[in-house]
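Structure file work.txt with compact mmCIF, C-alpha atoms:
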```
# COMPACT_ATOMS: atom_id res chain seq x y z
CA GLN A 1 -36.95 -1.53 32.55
CA VAL A 2 -38.00 0.58 29.58
CA GLN A 3 -35.26 1.17 27.04
CA LEU A 4 -35.28 4.03 24.57
CA VAL A 5 -32.56 4.50 21.96
CA GLU A 6 -32.45 7.64 19.85
CA SER A 7 -30.60 7.98 16.56
CA GLY A 8 -30.46 10.19 13.49
CA GLY A 9 -29.03 13.43 14.80
CA GLY A 10 -26.32 15.39 13.07
CA SER A 11 -25.31 18.73 11.64
CA VAL A 12 -27.37 20.48 9.00
CA GLN A 13 -27.67 23.93 7.49
CA ALA A 14 -30.65 26.13 8.16
CA GLY A 15 -33.58 25.13 5.99
CA GLY A 16 -32.49 21.52 5.93
CA SER A 17 -34.12 18.38 7.28
CA VAL A 18 -33.29 15.64 9.74
CA ARG A 19 -35.22 12.56 10.83
CA LEU A 20 -34.78 11.22 14.34
CA SER A 21 -35.71 7.72 15.46
CA CYS A 22 -36.54 6.37 18.89
CA ALA A 23 -36.56 2.60 19.27
CA ALA A 24 -38.47 1.47 22.35
CA SER A 25 -38.32 -1.82 24.15
CA ARG A 26 -39.60 -3.32 27.40
CA LEU A 27 -42.53 -0.94 27.50
CA THR A 28 -44.73 -1.77 30.45
CA TYR A 29 -48.00 -0.53 28.95
CA SER A 30 -49.56 -1.50 25.63
CA SER A 31 -50.26 2.15 24.83
CA ASN A 32 -48.02 5.03 25.69
CA CYS A 33 -47.41 8.72 25.30
CA MET A 34 -44.17 8.98 23.35
CA VAL A 35 -42.65 12.44 23.50
CA TRP A 36 -39.73 14.19 21.90
CA PHE A 37 -38.04 16.72 24.14
CA ARG A 38 -35.08 18.94 23.44
CA GLN A 39 -32.59 20.75 25.60
CA ALA A 40 -30.79 23.68 24.06
CA PRO A 41 -27.27 24.69 25.11
CA GLY A 42 -27.33 26.65 28.35
CA LYS A 43 -30.96 25.79 29.08
CA GLU A 44 -31.70 23.94 32.31
CA ARG A 45 -35.09 22.56 31.37
CA ARG A 46 -36.04 20.21 28.59
CA GLU A 47 -38.72 21.48 26.23
CA GLY A 48 -41.42 19.16 24.91
CA VAL A 49 -41.80 19.54 21.16
CA ALA A 50 -44.00 16.66 19.95
CA VAL A 51 -46.10 13.87 21.40
CA ILE A 52 -47.86 10.87 19.94
CA TYR A 53 -50.32 8.58 21.66
CA THR A 54 -49.41 5.12 20.39
CA GLY A 55 -52.94 3.79 20.94
CA THR A 56 -54.55 6.00 18.29
CA GLY A 57 -51.67 7.83 16.60
CA SER A 58 -53.00 11.22 17.68
CA THR A 59 -50.33 13.90 17.87
CA ALA A 60 -49.66 17.36 19.28
CA TYR A 61 -46.87 19.88 18.84
CA ALA A 62 -45.28 22.83 20.54
CA ASP A 63 -46.02 26.11 18.80
CA SER A 64 -42.31 26.57 18.08
CA VAL A 65 -42.24 23.53 15.76
CA LYS A 66 -45.82 23.31 14.49
CA GLY A 67 -45.90 23.02 10.71
CA ARG A 68 -42.21 22.07 10.53
CA PHE A 69 -41.91 18.90 12.63
CA THR A 70 -43.90 15.68 12.28
CA ILE A 71 -44.02 12.88 14.82
CA SER A 72 -45.01 9.41 13.63
CA GLN A 73 -44.74 5.80 14.64
CA ASP A 74 -44.10 2.34 13.26
CA ILE A 75 -45.98 0.06 15.61
CA ALA A 76 -44.42 -3.12 14.23
CA LYS A 77 -40.95 -1.76 14.95
CA ASN A 78 -41.86 -0.09 18.27
CA THR A 79 -40.24 3.02 16.86
CA VAL A 80 -41.23 6.66 16.95
CA TYR A 81 -39.86 9.19 14.48
CA LEU A 82 -39.46 12.94 14.41
CA GLN A 83 -39.21 14.42 10.93
CA MET A 84 -37.77 17.90 11.23
CA ASN A 85 -38.02 20.21 8.21
CA SER A 86 -37.19 23.86 7.64
CA LEU A 87 -34.71 23.70 10.48
CA LYS A 88 -33.57 26.90 12.16
CA PRO A 89 -30.44 27.59 14.23
CA GLU A 90 -32.67 27.85 17.30
CA ASP A 91 -33.59 24.18 16.80
CA THR A 92 -30.04 23.28 17.83
CA ALA A 93 -30.33 21.05 20.88
CA MET A 94 -29.93 17.59 22.31
CA TYR A 95 -33.10 15.72 21.43
CA TYR A 96 -34.49 13.11 23.80
CA CYS A 97 -37.20 10.53 23.54
CA ALA A 98 -39.38 9.79 26.57
CA ALA A 99 -42.17 7.31 27.28
CA ARG A 100 -45.08 7.37 29.69
CA GLY A 101 -47.77 4.73 29.97
CA GLY A 102 -51.44 5.53 29.58
CA SER A 103 -53.52 7.83 27.42
CA MET A 104 -53.15 11.20 29.18
CA CYS A 105 -51.04 12.64 26.39
CA HIS A 106 -52.28 16.24 26.32
CA PRO A 107 -49.31 18.61 25.99
CA SER A 108 -50.17 20.20 29.33
CA VAL A 109 -49.12 16.88 30.83
CA SER A 110 -46.84 15.35 28.22
CA PHE A 111 -44.57 18.36 27.79
CA ASP A 112 -43.67 18.40 31.48
CA PRO A 113 -40.33 16.55 31.72
CA GLU A 114 -40.83 15.88 35.43
CA ARG A 115 -43.66 13.48 34.59
CA PHE A 116 -41.28 11.10 32.83
CA VAL A 117 -38.91 8.55 34.28
CA SER A 118 -37.96 6.70 31.09
CA TRP A 119 -35.54 8.57 28.84
CA GLY A 120 -33.18 7.80 26.00
CA GLN A 121 -29.58 8.95 25.94
CA GLY A 122 -30.28 11.75 23.49
CA THR A 123 -29.07 12.65 20.01
CA GLN A 124 -27.54 15.98 19.05
CA VAL A 125 -28.95 18.16 16.29
CA THR A 126 -26.92 21.19 15.24
CA VAL A 127 -28.30 23.69 12.76
CA SER A 128 -25.91 26.24 11.29
CA SER A 129 -26.94 29.50 9.68
```
Would you write the structure of this file as structure tokens?
Amino acid sequence: QVQLVESGGGSVQAGGSVRLSCAASRLTYSSNCMVWFRQAPGKERREGVAVIYTGTGSTAYADSVKGRFTISQDIAKNTVYLQMNSLKPEDTAMYYCAARGGSMCHPSVSFDPERFVSWGQGTQVTVSS
């Protein structure tokens, strides 16, 4: 069973930075779409914000975070990161890591939370104004 463990969340003032980590283990496939989702308070649906295809390192971002967030990976550590800069209060959310085997990592697929069965427990990011 795939295990995903997020860490690195916390409280920060607007304009600040936070780096999240997602340590993956027991991945079934050698290459995966690793996605960061977030769920804001009061929102029912998780929003995909960044995806990386571990096979090539190619990435994609939601428009709401483009230019501010960077997703990256350390293959040796089986860890994916989300560097979040220029944070805004509207970035406040629980952030989740998700994994999906294969190479179909286009946001039209990868940002749909219903396509994922493997999730981490989440890490909270709170941005104050």
* Interatomic distance between CA of Ser110 (chain A) and CA of Ser128 (chain A)? ->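 Separation of CA of Ser110 (chain A) and CA of Ser128 (chain A): 29.0 Å.
When CA of Leu87 (chain A) is paired with CA of Asp63 (chain A), their separation reads 14.2 Å.
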Do you know which residues are at most 12 Å from Ser108 (chain A) counting only C-alpha atoms, after dropping those on the same chain fewer than 4 positions away, and could you put them as a PDB file with C-alpha atoms, in the frame of the given file?
```
ATOM      1  CA  GLU A  47     -38.720  21.480  26.230  1.00  0.00           C
ATOM      2  CA  GLY A  48     -41.420  19.160  24.910  1.00  0.00           C
ATOM      3  CA  VAL A  49     -41.800  19.540  21.160  1.00  0.00           C
ATOM      4  CA  ALA A  50     -44.000  16.660  19.950  1.00  0.00           C
ATOM      5  CA  VAL A  51     -46.100  13.870  21.400  1.00  0.00           C
ATOM      6  CA  ALA A  60     -49.660  17.360  19.280  1.00  0.00           C
ATOM      7  CA  TYR A  61     -46.870  19.880  18.840  1.00  0.00           C
ATOM      8  CA  ALA A  62     -45.280  22.830  20.540  1.00  0.00           C
ATOM      9  CA  MET A 104     -53.150  11.200  29.180  1.00  0.00           C
ATOM     10  CA  ASP A 112     -43.670  18.400  31.480  1.00  0.00           C
ATOM     11  CA  PRO A 113     -40.330  16.550  31.720  1.00  0.00           C
ATOM     12  CA  GLU A 114     -40.830  15.880  35.430  1.00  0.00           C
ATOM     13  CA  ARG A 115     -43.660  13.480  34.590  1.00  0.00           C
TER      14      ARG A 115
END
```
* **Closest of A:Ser64, A:Gln1, A:Val35, A:Gly16 to Val109 (chain A) - atom-to-atom distances counting all atoms listed in the file** => A:Val35
Would you kindly identify which residues have an atom no farther than 12 Å from (-46.2, 4.8, 23.1), using all atoms listed in the file and the file's own coordinates, and write them out as a PDB file with C-alpha atoms, in the frame of the given file?
```
ATOM      1  CA  VAL A   2     -38.000   0.580  29.580  1.00  0.00           C
ATOM      2  CA  LEU A   4     -35.280   4.030  24.570  1.00  0.00           C
ATOM      3  CA  CYS A  22     -36.540   6.370  18.890  1.00  0.00           C
ATOM      4  CA  ALA A  23     -36.560   2.600  19.270  1.00  0.00           C
ATOM      5  CA  ALA A  24     -38.470   1.470  22.350  1.00  0.00           C
ATOM      6  CA  SER A  25     -38.320  -1.820  24.150  1.00  0.00           C
ATOM      7  CA  ARG A  26     -39.600  -3.320  27.400  1.00  0.00           C
ATOM      8  CA  LEU A  27     -42.530  -0.940  27.500  1.00  0.00           C
ATOM      9  CA  THR A  28     -44.730  -1.770  30.450  1.00  0.00           C
ATOM     10  CA  TYR A  29     -48.000  -0.530  28.950  1.00  0.00           C
ATOM     11  CA  SER A  30     -49.560  -1.500  25.630  1.00  0.00           C
ATOM     12  CA  SER A  31     -50.260   2.150  24.830  1.00  0.00           C
ATOM     13  CA  ASN A  32     -48.020   5.030  25.690  1.00  0.00           C
ATOM     14  CA  CYS A  33     -47.410   8.720  25.300  1.00  0.00           C
ATOM     15  CA  MET A  34     -44.170   8.980  23.350  1.00  0.00           C
ATOM     16  CA  VAL A  35     -42.650  12.440  23.500  1.00  0.00           C
ATOM     17  CA  TRP A  36     -39.730  14.190  21.900  1.00  0.00           C
ATOM     18  CA  VAL A  51     -46.100  13.870  21.400  1.00  0.00           C
ATOM     19  CA  ILE A  52     -47.860  10.870  19.940  1.00  0.00           C
ATOM     20  CA  TYR A  53     -50.320   8.580  21.660  1.00  0.00           C
ATOM     21  CA  THR A  54     -49.410   5.120  20.390  1.00  0.00           C
ATOM     22  CA  GLY A  55     -52.940   3.790  20.940  1.00  0.00           C
ATOM     23  CA  THR A  56     -54.550   6.000  18.290  1.00  0.00           C
ATOM     24  CA  GLY A  57     -51.670   7.830  16.600  1.00  0.00           C
ATOM     25  CA  SER A  58     -53.000  11.220  17.680  1.00  0.00           C
ATOM     26  CA  THR A  59     -50.330  13.900  17.870  1.00  0.00           C
ATOM     27  CA  ILE A  71     -44.020  12.880  14.820  1.00  0.00           C
ATOM     28  CA  SER A  72     -45.010   9.410  13.630  1.00  0.00           C
ATOM     29  CA  GLN A  73     -44.740   5.800  14.640  1.00  0.00           C
ATOM     30  CA  ASP A  74     -44.100   2.340  13.260  1.00  0.00           C
ATOM     31  CA  ILE A  75     -45.980   0.060  15.610  1.00  0.00           C
ATOM     32  CA  LYS A  77     -40.950  -1.760  14.950  1.00  0.00           C
ATOM     33  CA  ASN A  78     -41.860  -0.090  18.270  1.00  0.00           C
ATOM     34  CA  THR A  79     -40.240   3.020  16.860  1.00  0.00           C
ATOM     35  CA  VAL A  80     -41.230   6.660  16.950  1.00  0.00           C
ATOM     36  CA  TYR A  81     -39.860   9.190  14.480  1.00  0.00           C
ATOM     37  CA  CYS A  97     -37.200  10.530  23.540  1.00  0.00           C
ATOM     38  CA  ALA A  98     -39.380   9.790  26.570  1.00  0.00           C
ATOM     39  CA  ALA A  99     -42.170   7.310  27.280  1.00  0.00           C
ATOM     40  CA  ARG A 100     -45.080   7.370  29.690  1.00  0.00           C
ATOM     41  CA  GLY A 101     -47.770   4.730  29.970  1.00  0.00           C
ATOM     42  CA  GLY A 102     -51.440   5.530  29.580  1.00  0.00           C
ATOM     43  CA  SER A 103     -53.520   7.830  27.420  1.00  0.00           C
ATOM     44  CA  MET A 104     -53.150  11.200  29.180  1.00  0.00           C
ATOM     45  CA  CYS A 105     -51.040  12.640  26.390  1.00  0.00           C
ATOM     46  CA  SER A 110     -46.840  15.350  28.220  1.00  0.00           C
ATOM     47  CA  SER A 118     -37.960   6.700  31.090  1.00  0.00           C
TER      48      SER A 118
END
```
* For CA of Gln3 (chain A) and CA of Val127 (chain A), determine how far apart the two atoms are, in Å to one decimal place. => 27.6 Å
* Contact residues around Arg46 (chain A) with all atoms listed in the file at 9 Å, ignoring same-chain residues under 3 positions, as a ChimeraX atom specification -> /A:37-40,43,95-96,111-113
* To do: Choose the residue, out of A:Val125, A:Val117, A:Ala76, A:Ala93, that has the smallest atom-to-atom separation from Gln13 (chain A); count all atoms listed in the file.
  => A:Val125
* Within 9 Å of Thr123 (chain A) using all atoms listed in the file, minus same-chain residues under 6 positions, as a VMD selection string -> chain A and resid 6 to 10 20 93 to 96
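Closest to Lys88 (chain A) among A:Ser129, A:Phe116, A:Val18, A:Arg45 is A:Ser129, based on all atoms listed in the file.
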Regenerate region 27-38 of chain A at the level of all heavy atoms and dump it as a CSV table (one decimal), in the coordinates of the input.
```
chain,number,residue,atom,x,y,z
A,27,LEU,N,-41.5,-1.8,27.0
A,27,LEU,CA,-42.5,-0.9,27.5
A,27,LEU,C,-43.5,-1.7,28.4
A,27,LEU,O,-43.9,-2.8,28.1
A,27,LEU,CB,-43.3,-0.3,26.3
A,27,LEU,CG,-42.5,0.6,25.4
A,27,LEU,CD1,-43.2,1.0,24.2
A,27,LEU,CD2,-42.2,1.9,26.2
A,28,THR,N,-43.9,-1.1,29.5
A,28,THR,CA,-44.7,-1.8,30.4
A,28,THR,C,-46.2,-1.8,30.0
A,28,THR,O,-46.9,-2.7,30.2
A,28,THR,CB,-44.6,-1.1,31.8
A,28,THR,OG1,-43.3,-1.1,32.2
A,28,THR,CG2,-45.5,-1.8,32.9
A,29,TYR,N,-46.6,-0.7,29.4
A,29,TYR,CA,-48.0,-0.5,29.0
A,29,TYR,C,-48.1,-0.8,27.4
A,29,TYR,O,-47.2,-0.6,26.7
A,29,TYR,CB,-48.5,0.9,29.3
A,29,TYR,CG,-48.5,1.2,30.7
A,29,TYR,CD1,-47.4,1.7,31.4
A,29,TYR,CD2,-49.7,0.9,31.5
A,29,TYR,CE1,-47.5,2.0,32.8
A,29,TYR,CE2,-49.7,1.2,32.8
A,29,TYR,CZ,-48.6,1.7,33.5
A,29,TYR,OH,-48.6,2.0,34.8
A,30,SER,N,-49.3,-1.2,27.0
A,30,SER,CA,-49.6,-1.5,25.6
A,30,SER,C,-49.7,-0.2,24.8
A,30,SER,O,-49.4,-0.2,23.6
A,30,SER,CB,-50.8,-2.4,25.5
A,30,SER,OG,-51.9,-1.7,26.0
A,31,SER,N,-50.2,0.8,25.5
A,31,SER,CA,-50.3,2.2,24.8
A,31,SER,C,-49.5,3.2,25.7
A,31,SER,O,-49.6,3.2,26.9
A,31,SER,CB,-51.7,2.5,24.7
A,31,SER,OG,-52.4,1.6,23.8
A,32,ASN,N,-48.9,4.1,25.0
A,32,ASN,CA,-48.0,5.0,25.7
A,32,ASN,C,-48.1,6.4,25.0
A,32,ASN,O,-48.4,6.5,23.9
A,32,ASN,CB,-46.6,4.6,25.7
A,32,ASN,CG,-46.4,3.2,26.4
A,32,ASN,OD1,-46.1,3.2,27.6
A,32,ASN,ND2,-46.5,2.1,25.7
A,33,CYS,N,-47.7,7.4,25.8
A,33,CYS,CA,-47.4,8.7,25.3
A,33,CYS,C,-45.9,8.7,25.0
A,33,CYS,O,-45.1,8.6,25.9
A,33,CYS,CB,-47.7,9.8,26.3
A,33,CYS,SG,-49.4,9.8,26.9
A,34,MET,N,-45.6,8.9,23.8
A,34,MET,CA,-44.2,9.0,23.4
A,34,MET,C,-43.9,10.4,23.0
A,34,MET,O,-44.6,11.0,22.2
A,34,MET,CB,-43.9,8.1,22.2
A,34,MET,CG,-44.2,6.6,22.4
A,34,MET,SD,-43.2,5.9,23.7
A,34,MET,CE,-41.6,6.0,22.9
A,35,VAL,N,-42.9,11.0,23.6
A,35,VAL,CA,-42.6,12.4,23.5
A,35,VAL,C,-41.2,12.7,23.1
A,35,VAL,O,-40.3,12.0,23.6
A,35,VAL,CB,-42.9,13.2,24.8
A,35,VAL,CG1,-42.8,14.7,24.7
A,35,VAL,CG2,-44.3,12.8,25.4
A,36,TRP,N,-41.1,13.7,22.2
A,36,TRP,CA,-39.7,14.2,21.9
A,36,TRP,C,-39.5,15.5,22.7
A,36,TRP,O,-40.4,16.4,22.6
A,36,TRP,CB,-39.6,14.5,20.4
A,36,TRP,CG,-39.3,13.2,19.6
A,36,TRP,CD1,-40.3,12.5,18.9
A,36,TRP,CD2,-38.1,12.5,19.4
A,36,TRP,NE1,-39.7,11.5,18.3
A,36,TRP,CE2,-38.3,11.4,18.6
A,36,TRP,CE3,-36.8,12.7,19.9
A,36,TRP,CZ2,-37.4,10.5,18.2
A,36,TRP,CZ3,-35.8,11.8,19.6
A,36,TRP,CH2,-36.1,10.7,18.7
A,37,PHE,N,-38.5,15.5,23.4
A,37,PHE,CA,-38.0,16.7,24.1
A,37,PHE,C,-36.7,17.2,23.5
A,37,PHE,O,-36.0,16.5,22.9
A,37,PHE,CB,-37.8,16.4,25.6
A,37,PHE,CG,-39.0,16.2,26.5
A,37,PHE,CD1,-39.6,15.0,26.5
A,37,PHE,CD2,-39.6,17.3,27.2
A,37,PHE,CE1,-40.7,14.8,27.3
A,37,PHE,CE2,-40.7,17.1,28.0
A,37,PHE,CZ,-41.3,15.8,28.0
A,38,ARG,N,-36.4,18.4,23.8
A,38,ARG,CA,-35.1,18.9,23.4
A,38,ARG,C,-34.6,19.8,24.5
A,38,ARG,O,-35.3,20.5,25.3
A,38,ARG,CB,-35.1,19.7,22.1
A,38,ARG,CG,-35.9,21.0,22.1
A,38,ARG,CD,-36.0,21.6,20.7
A,38,ARG,NE,-36.7,22.8,20.6
A,38,ARG,CZ,-37.0,23.4,19.5
A,38,ARG,NH1,-36.6,22.9,18.3
A,38,ARG,NH2,-37.7,24.6,19.5
```
